[in-house]
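For reference, target.cif (mmCIF, C-alpha atoms):
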data_data
loop_
_atom_site.label_atom_id
_atom_site.label_comp_id
_atom_site.auth_asym_id
_atom_site.auth_seq_id
_atom_site.Cartn_x
_atom_site.Cartn_y
_atom_site.Cartn_z
CA MET A 1 96.92 -74.34 -21.63
CA ASP A 2 96.86 -75.82 -18.13
CA SER A 3 94.02 -77.80 -16.59
CA PRO A 4 92.19 -74.97 -14.72
CA HIS A 5 92.09 -72.91 -17.91
CA ALA A 6 90.89 -75.95 -19.88
CA ILE A 7 88.14 -76.66 -17.32
CA GLY A 8 87.11 -73.01 -17.45
CA PHE A 9 87.04 -73.17 -21.23
CA TYR A 10 84.78 -76.22 -21.36
CA VAL A 11 82.41 -74.94 -18.65
CA SER A 12 82.18 -71.56 -20.39
CA SER A 13 81.59 -73.27 -23.72
CA ALA A 14 78.70 -75.26 -22.26
CA LEU A 15 77.25 -72.06 -20.77
CA SER A 16 77.52 -70.13 -24.01
CA VAL A 17 76.08 -72.81 -26.30
CA GLY A 18 73.35 -73.74 -23.80
CA GLY A 19 72.40 -70.11 -23.37
CA GLY A 20 72.36 -69.63 -27.13
CA ILE A 21 70.00 -72.55 -27.65
CA ALA A 22 67.81 -71.34 -24.77
CA VAL A 23 67.55 -67.93 -26.48
CA ALA A 24 65.90 -69.68 -29.42
CA PHE A 25 63.45 -71.75 -27.40
CA LEU A 26 62.43 -69.77 -24.31
CA GLY A 27 59.02 -68.17 -24.43
CA THR A 28 58.98 -64.90 -22.54
CA ARG A 29 61.10 -61.85 -23.25
CA THR A 30 62.62 -61.69 -19.77
CA ARG A 31 63.75 -65.31 -19.89
CA ARG A 32 65.27 -64.82 -23.34
CA ALA A 33 67.21 -61.81 -22.10
CA LEU A 34 68.41 -63.81 -19.11
CA ALA A 35 69.51 -66.64 -21.41
CA LEU A 36 71.34 -64.11 -23.59
CA LEU A 37 73.11 -62.82 -20.49
CA VAL A 38 74.11 -66.38 -19.54
CA ALA A 39 75.41 -66.91 -23.08
CA GLY A 40 77.37 -63.66 -22.74
CA VAL A 41 78.95 -64.87 -19.50
CA GLY A 42 79.92 -68.06 -21.33
CA VAL A 43 81.43 -66.26 -24.30
CA ALA A 44 83.32 -63.93 -21.96
CA GLY A 45 84.61 -66.97 -20.07
CA VAL A 46 85.79 -68.57 -23.30
CA ASP A 47 87.59 -65.36 -24.26
CA ALA A 48 89.13 -65.09 -20.79
CA SER A 49 90.40 -68.68 -20.94
CA LEU A 50 91.99 -67.80 -24.30
CA SER A 51 94.02 -65.04 -22.58
CA ALA A 52 91.82 -62.32 -24.09
CA GLY A 53 90.66 -60.69 -20.87
CA PHE A 54 89.98 -57.26 -22.36
CA ALA A 55 87.88 -58.77 -25.14
CA ALA A 56 86.02 -60.80 -22.49
CA ALA A 57 85.13 -57.63 -20.57
CA VAL A 58 83.90 -55.89 -23.73
CA VAL A 59 81.87 -58.96 -24.75
CA LEU A 60 80.25 -59.12 -21.31
CA VAL A 61 79.26 -55.46 -21.44
CA SER A 62 77.96 -55.85 -25.01
CA PHE A 63 75.82 -58.90 -24.19
CA ALA A 64 74.47 -57.22 -21.05
CA ALA A 65 73.51 -54.13 -23.06
CA CYS A 66 71.86 -56.26 -25.74
CA ALA A 67 69.92 -58.18 -23.07
CA ALA A 68 68.82 -54.92 -21.45
CA LEU A 69 67.64 -53.56 -24.81
CA LEU A 70 65.76 -56.74 -25.69
CA ALA A 71 64.15 -57.11 -22.25
CA ARG A 72 62.32 -53.77 -22.29
CA PRO A 73 58.68 -54.45 -21.43
CA ASP A 74 57.34 -51.69 -23.70
CA LEU A 75 58.73 -53.26 -26.89
CA ARG A 76 56.01 -54.58 -29.15
CA ALA A 77 56.35 -57.77 -31.12
CA VAL A 78 56.59 -57.47 -34.91
CA GLU A 79 55.61 -60.70 -36.62
CA TRP A 80 57.53 -62.02 -39.61
CA ALA A 81 55.23 -62.92 -42.49
CA THR A 82 56.95 -66.25 -43.17
CA ALA A 83 55.52 -69.72 -43.51
CA SER A 84 56.58 -72.50 -41.16
CA GLY A 85 58.21 -74.34 -44.05
CA TRP A 86 60.69 -71.54 -44.54
CA ARG A 87 61.44 -71.49 -40.81
CA GLN A 88 62.13 -75.22 -40.85
CA ALA A 89 64.33 -74.83 -43.93
CA GLY A 90 66.23 -72.07 -42.12
CA SER A 91 66.70 -74.30 -39.10
CA LEU A 92 68.07 -77.08 -41.28
CA SER A 93 70.38 -74.53 -42.91
CA ALA A 94 71.67 -73.53 -39.46
CA ALA A 95 72.40 -77.19 -38.70
CA LEU A 96 74.17 -77.60 -42.04
CA LEU A 97 76.17 -74.44 -41.29
CA PHE A 98 77.34 -75.97 -38.01
CA VAL A 99 78.29 -79.24 -39.72
CA ALA A 100 80.23 -77.40 -42.43
CA LEU A 101 82.10 -75.18 -39.97
CA ALA A 102 82.84 -78.09 -37.64
CA TYR A 103 84.10 -80.19 -40.56
CA ALA A 104 86.34 -77.34 -41.70
CA ALA A 105 87.72 -76.97 -38.17
CA TYR A 106 88.29 -80.72 -37.81
CA ARG A 107 89.96 -81.19 -41.18
CA GLY A 108 92.08 -78.06 -41.00
CA ALA A 109 95.80 -78.48 -40.35
CA PHE A 110 96.88 -75.68 -38.08
CA ALA A 111 100.37 -74.74 -37.05
CA HIS A 112 100.92 -73.93 -33.39
CA VAL A 113 102.89 -71.24 -31.64
CA THR A 114 103.83 -70.49 -28.08
CA PHE A 115 101.68 -67.65 -26.78
CA ASN A 116 103.66 -65.07 -24.86
CA GLY A 117 100.95 -62.49 -24.27
CA GLY A 118 99.54 -61.73 -20.84
CA GLU A 119 96.19 -62.76 -19.40
CA LEU A 120 94.46 -59.47 -20.21
CA GLY A 121 96.50 -58.11 -23.08
CA THR A 122 95.08 -54.64 -22.63
CA ALA A 123 98.27 -52.85 -23.63
CA ALA A 124 98.70 -54.71 -26.90
CA VAL A 125 95.01 -54.48 -27.80
CA GLY A 126 94.96 -50.80 -26.85
CA ARG A 127 97.95 -50.13 -29.10
CA LEU A 128 96.16 -51.87 -31.94
CA LEU A 129 92.84 -50.11 -31.37
CA PHE A 130 94.10 -46.59 -30.76
CA ALA A 131 97.35 -46.48 -32.72
CA HIS A 132 97.39 -49.07 -35.50
CA ASP A 133 93.67 -49.25 -36.42
CA THR A 134 92.43 -45.91 -35.18
CA LEU A 135 90.19 -45.30 -38.17
CA ALA A 136 88.38 -48.63 -37.73
CA THR A 137 87.90 -47.98 -34.02
CA GLU A 138 86.47 -44.53 -34.67
CA ALA A 139 84.20 -45.91 -37.40
CA VAL A 140 82.81 -48.56 -35.07
CA GLY A 141 82.35 -45.98 -32.31
CA ALA A 142 80.47 -43.71 -34.70
CA LEU A 143 78.33 -46.67 -35.81
CA VAL A 144 77.34 -47.44 -32.22
CA LEU A 145 76.55 -43.77 -31.58
CA VAL A 146 74.38 -43.49 -34.68
CA CYS A 147 72.49 -46.71 -33.85
CA LEU A 148 71.84 -45.72 -30.23
CA VAL A 149 70.66 -42.26 -31.31
CA THR A 150 68.40 -43.89 -33.91
CA VAL A 151 66.78 -46.20 -31.37
CA THR A 152 66.29 -43.28 -28.99
CA ILE A 153 64.60 -41.21 -31.70
CA ALA A 154 62.38 -44.16 -32.65
CA TRP A 155 61.31 -44.60 -29.04
CA ARG A 156 60.56 -40.90 -28.65
CA MET A 157 58.49 -40.93 -31.87
CA ARG A 158 56.47 -43.86 -30.60
CA GLU A 159 55.91 -42.22 -27.21
CA ARG A 160 54.66 -39.05 -28.94
CA GLY A 161 52.40 -41.14 -31.15
CA GLN A 162 50.86 -42.81 -28.10
CA ARG A 163 49.94 -39.45 -26.48
CA MET B 1 93.03 -82.04 -20.24
CA THR B 2 93.98 -79.55 -22.88
CA VAL B 3 92.35 -77.22 -25.38
CA GLY B 4 93.40 -76.74 -28.98
CA LEU B 5 92.36 -74.54 -31.84
CA VAL B 6 89.97 -77.22 -33.15
CA ALA B 7 87.98 -77.18 -29.89
CA VAL B 8 87.80 -73.39 -30.00
CA LEU B 9 86.58 -73.44 -33.59
CA PHE B 10 83.97 -76.07 -32.69
CA VAL B 11 82.58 -73.78 -29.98
CA ALA B 12 82.65 -70.83 -32.37
CA ALA B 13 80.79 -72.84 -35.02
CA ALA B 14 78.20 -73.90 -32.45
CA LEU B 15 77.66 -70.30 -31.37
CA VAL B 16 77.27 -69.06 -34.95
CA ALA B 17 74.84 -71.88 -35.75
CA ALA B 18 72.86 -71.26 -32.53
CA GLY B 19 72.57 -67.56 -33.41
CA ALA B 20 71.44 -68.35 -36.94
CA PHE B 21 68.92 -70.85 -35.59
CA ALA B 22 67.56 -68.31 -33.09
CA MET B 23 67.16 -65.77 -35.89
CA VAL B 24 65.24 -68.05 -38.23
CA TRP B 25 63.18 -69.87 -35.60
CA ARG B 26 61.52 -66.93 -33.83
CA ARG B 27 58.42 -65.44 -35.41
CA ASP B 28 58.90 -62.18 -33.53
CA ALA B 29 61.45 -59.89 -35.20
CA VAL B 30 62.51 -58.42 -31.84
CA ALA B 31 63.15 -61.90 -30.44
CA ALA B 32 65.09 -62.84 -33.58
CA LEU B 33 67.49 -59.96 -32.90
CA ALA B 34 68.89 -61.93 -29.95
CA GLY B 35 70.67 -64.19 -32.44
CA ILE B 36 72.88 -61.35 -33.67
CA PRO B 37 75.17 -61.08 -30.61
CA LEU B 38 75.47 -64.88 -30.55
CA MET B 39 76.72 -64.95 -34.14
CA PHE B 40 79.13 -62.06 -33.60
CA GLY B 41 80.25 -63.64 -30.33
CA GLY B 42 81.03 -66.88 -32.13
CA ALA B 43 83.05 -65.05 -34.75
CA GLY B 44 84.91 -63.22 -31.98
CA VAL B 45 85.72 -66.49 -30.22
CA ALA B 46 87.15 -67.88 -33.46
CA PHE B 47 89.34 -64.79 -33.94
CA ALA B 48 90.52 -64.85 -30.31
CA GLY B 49 91.34 -68.54 -30.65
CA VAL B 50 93.38 -67.97 -33.78
CA ALA B 51 95.22 -65.13 -32.04
CA ARG B 52 95.90 -67.42 -29.10
CA PHE B 53 97.07 -70.51 -30.95
CA SER B 54 98.36 -69.73 -34.41
CA ALA B 55 98.88 -66.04 -34.94
CA ARG B 56 102.45 -65.88 -36.08
CA ALA B 57 102.49 -69.30 -37.76
CA ALA B 58 100.38 -68.12 -40.68
CA ALA B 59 102.60 -65.09 -41.14
CA ALA B 60 105.66 -67.29 -41.27
CA GLY B 61 104.37 -68.86 -44.45
CA ALA B 62 104.85 -72.44 -43.33
CA PRO B 63 103.19 -75.29 -45.24
CA PRO B 64 99.80 -76.12 -43.70
CA THR B 65 100.87 -79.58 -42.59
CA THR B 66 103.96 -78.41 -40.74
CA ARG B 67 103.73 -77.96 -36.99
CA ILE B 68 106.15 -75.27 -35.97
CA VAL B 69 106.82 -73.57 -32.67
CA ILE B 70 107.88 -69.94 -32.61
CA GLY B 71 108.85 -68.24 -29.40
CA VAL B 72 107.07 -64.94 -29.83
CA SER B 73 103.42 -64.61 -30.76
CA GLY B 74 102.33 -61.78 -32.99
CA PRO B 75 100.19 -58.77 -32.13
CA PRO B 76 96.73 -59.83 -30.90
CA LEU B 77 94.83 -58.89 -34.02
CA GLY B 78 92.25 -61.57 -33.27
CA GLN B 79 91.53 -60.06 -29.87
CA GLU B 80 91.10 -56.68 -31.52
CA ALA B 81 88.63 -58.23 -33.98
CA ALA B 82 86.72 -59.83 -31.08
CA VAL B 83 86.42 -56.44 -29.38
CA LEU B 84 85.19 -54.76 -32.55
CA PHE B 85 82.71 -57.59 -33.24
CA ALA B 86 81.22 -57.22 -29.76
CA VAL B 87 80.70 -53.48 -30.26
CA VAL B 88 79.23 -53.97 -33.74
CA ALA B 89 76.82 -56.58 -32.33
CA LEU B 90 75.50 -54.02 -29.87
CA ALA B 91 75.08 -51.49 -32.68
CA ALA B 92 73.25 -54.02 -34.85
CA VAL B 93 70.83 -54.93 -32.05
CA ALA B 94 70.13 -51.25 -31.35
CA PHE B 95 69.51 -50.56 -35.03
CA GLY B 96 67.25 -53.60 -35.34
CA ILE B 97 65.20 -52.48 -32.36
CA ALA B 98 64.88 -49.04 -33.92
CA LEU B 99 63.60 -50.59 -37.14
CA SER B 100 61.14 -52.81 -35.27
CA VAL B 101 59.85 -49.86 -33.25
CA ARG B 102 59.37 -47.97 -36.50
CA ALA B 103 57.57 -50.97 -38.01
CA ALA B 104 55.35 -51.23 -34.93
CA ILE B 105 54.39 -47.56 -35.33
CA THR B 106 53.45 -47.91 -38.98
CA SER B 107 51.76 -51.32 -38.74
CA SER B 108 48.10 -51.76 -37.89
CA PRO B 109 47.21 -52.18 -34.20
CA ASP B 110 45.82 -55.68 -34.64
CA ARG B 111 49.27 -57.00 -35.62
CA GLU B 112 50.92 -55.56 -32.53
CA THR B 113 50.87 -57.80 -29.51
CA ARG B 114 52.81 -57.66 -26.31
CA ARG B 115 54.94 -60.72 -25.56
#
What's the structure tokens form of this structure?
Amino acid sequence: MDSPHAIGFYVSSALSVGGGIAVAFLGTRTRRALALLVAGVGVAGVDASLSAGFAAAVVLVSFAACAALLARPDLRAVEWATASGWRQAGSLSAALLFVALAYAAYRGAFAHVTFNGGELGTAAVGRLLFAHDTLATEAVGALVLVCLVTVTIAWRMRERGQR
Amino acid sequence: MTVGLVAVLFVAAALVAAGAFAMVWRRDAVAALAGIPLMFGGAGVAFAGVARFSARAAAAGAPPTTRIVIGVSGPPLGQEAAVLFAVVALAAVAFGIALSVRAAITSSPDRETRR
């Protein structure tokens, strides 16, 4: 990987991790959605610097859609009934998860290959998605359709209940 | 300046941990849903990194301490996994919002607050 790609990788990494931490700490819904969008731009940049341009485009669209769903002003907050001790224990568990994953990445001995794919790789990924793993692709597409229909029905039920 | 698989896996681990932290830290269930795409995004970054740096090496069955160089990389299965993870993250967020809307309908009005 040459220097411009490496610089892009590190800048995108900082964006994605910073946006992810901001999602946890920002107060208002609009700011959280904006932070999620920034994190999505970072993740897409990391994917693009790893020569996965098609995956980067899909990730960007997915994060933008998630941010748009979570930024709706008519969503009502639903409080968890958890004590602060459990939240702090969960936060410590997240930190321990990072330490364990980072240790596994640092101690792992990986073999290297020369990558001969293109920058976008759309042809190879398309062959995998629509020829090799067609059933998985259709299953994921059906899952997205069912979930979006479910959220639409839930919204319509709530609107009828408000009338 | 260069980037290796270890740096990619560090970023992926940080993203997964940040998503898990966002999910457990927020009291609001809708706000906690924002951690889901972060966790799936981190997993996707790890898969894309493996596809970029060591796809065919694992298939060659080399010992884990051997550094080998093969001219042709394998099919980008990791990129495919990253694409599928991104789509599944969107589905999970949509389903979580549907559940929270349903919970807001059935819960009492004094527990519903706009944020």
(request) Enumerate, as a ChimeraX atom specification, the residues matched when the PyMOL selection byres ((chain A and resi 94-99) around 9) is run on the file above. (result) /A:89-93,100-104 /B:10,13-21,24
Based on the selection just made, write C-alpha atoms of those residues as a short mmCIF file (atom, residue, chain, number, x, y, z; two decimals), in the coordinates of the input.
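Result went into out-v4.cif, see below:
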data_model
loop_
_atom_site.label_atom_id
_atom_site.label_comp_id
_atom_site.auth_asym_id
_atom_site.auth_seq_id
_atom_site.Cartn_x
_atom_site.Cartn_y
_atom_site.Cartn_z
CA ALA A 89 64.33 -74.83 -43.93
CA GLY A 90 66.23 -72.07 -42.12
CA SER A 91 66.70 -74.30 -39.10
CA LEU A 92 68.07 -77.08 -41.28
CA SER A 93 70.38 -74.53 -42.91
CA ALA A 100 80.23 -77.40 -42.43
CA LEU A 101 82.10 -75.18 -39.97
CA ALA A 102 82.84 -78.09 -37.64
CA TYR A 103 84.10 -80.19 -40.56
CA ALA A 104 86.34 -77.34 -41.70
CA PHE B 10 83.97 -76.07 -32.69
CA ALA B 13 80.79 -72.84 -35.02
CA ALA B 14 78.20 -73.90 -32.45
CA LEU B 15 77.66 -70.30 -31.37
CA VAL B 16 77.27 -69.06 -34.95
CA ALA B 17 74.84 -71.88 -35.75
CA ALA B 18 72.86 -71.26 -32.53
CA GLY B 19 72.57 -67.56 -33.41
CA ALA B 20 71.44 -68.35 -36.94
CA PHE B 21 68.92 -70.85 -35.59
CA VAL B 24 65.24 -68.05 -38.23
#
(message) Evaluated on this file, the PyMOL selection byres ((chain B and resi 84-88) around 8) picks out some residues - which ones are they, written as a ChimeraX atom specification?
(response) /A:58-59,62-63,137,140-141,143-144 /B:37,40-41,43-44,80-83,89-92
(message) What does the structure give for the distance between atom CA of Leu77 of chain B and atom CA of Thr2 of chain B, in Å to one decimal?
(response)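 Taking atom CA of Leu77 of chain B as the start and atom CA of Thr2 of chain B as the end point, the length is 23.5 Å.
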(request) Have a look at A:Arg127, A:Arg156, A:Arg31, A:Arg76 and name the one nearest to chain B; count only C-alpha atoms. (result)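 So, comparing all the options, the nearest one is A:Arg76.
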(message) Applying the PyMOL selection byres ((chain A and resi 42) around 10) to the file I just gave you, which residues come out? Please list them as JSON, numbers by chain.
(response) {"A": [8, 9, 10, 11, 12, 13, 14, 15, 16, 17, 18, 19, 20, 36, 37, 38, 39, 40, 41, 43, 44, 45, 46, 47, 48, 56, 59, 60]}
(request) Could you tell me which of A:Thr122, A:Ala24, A:Gln88, A:Ala105 comes closest to Ala57 of chain A if we count all atoms listed in the file? (result)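 Ranked by minimum distance to Ala57 of chain A, first place goes to A:Thr122.
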(request) Would you mind reading off the distance between atom CA of Leu128 of chain A and atom CA of Gly78 of chain B, one decimal, in Å? (result)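 For atom CA of Leu128 of chain A relative to atom CA of Gly78 of chain B, the distance reads 10.5 Å.
Atom pair atom CA of Arg102 of chain B / atom CA of Met23 of chain B: separated by 19.4 Å.
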(message) I'd like to know which of B:Ala94, B:Ala12, B:Val101, B:Val6 is closest to Leu38 of chain B, using all atoms listed in the file.
(response) B:Ala12
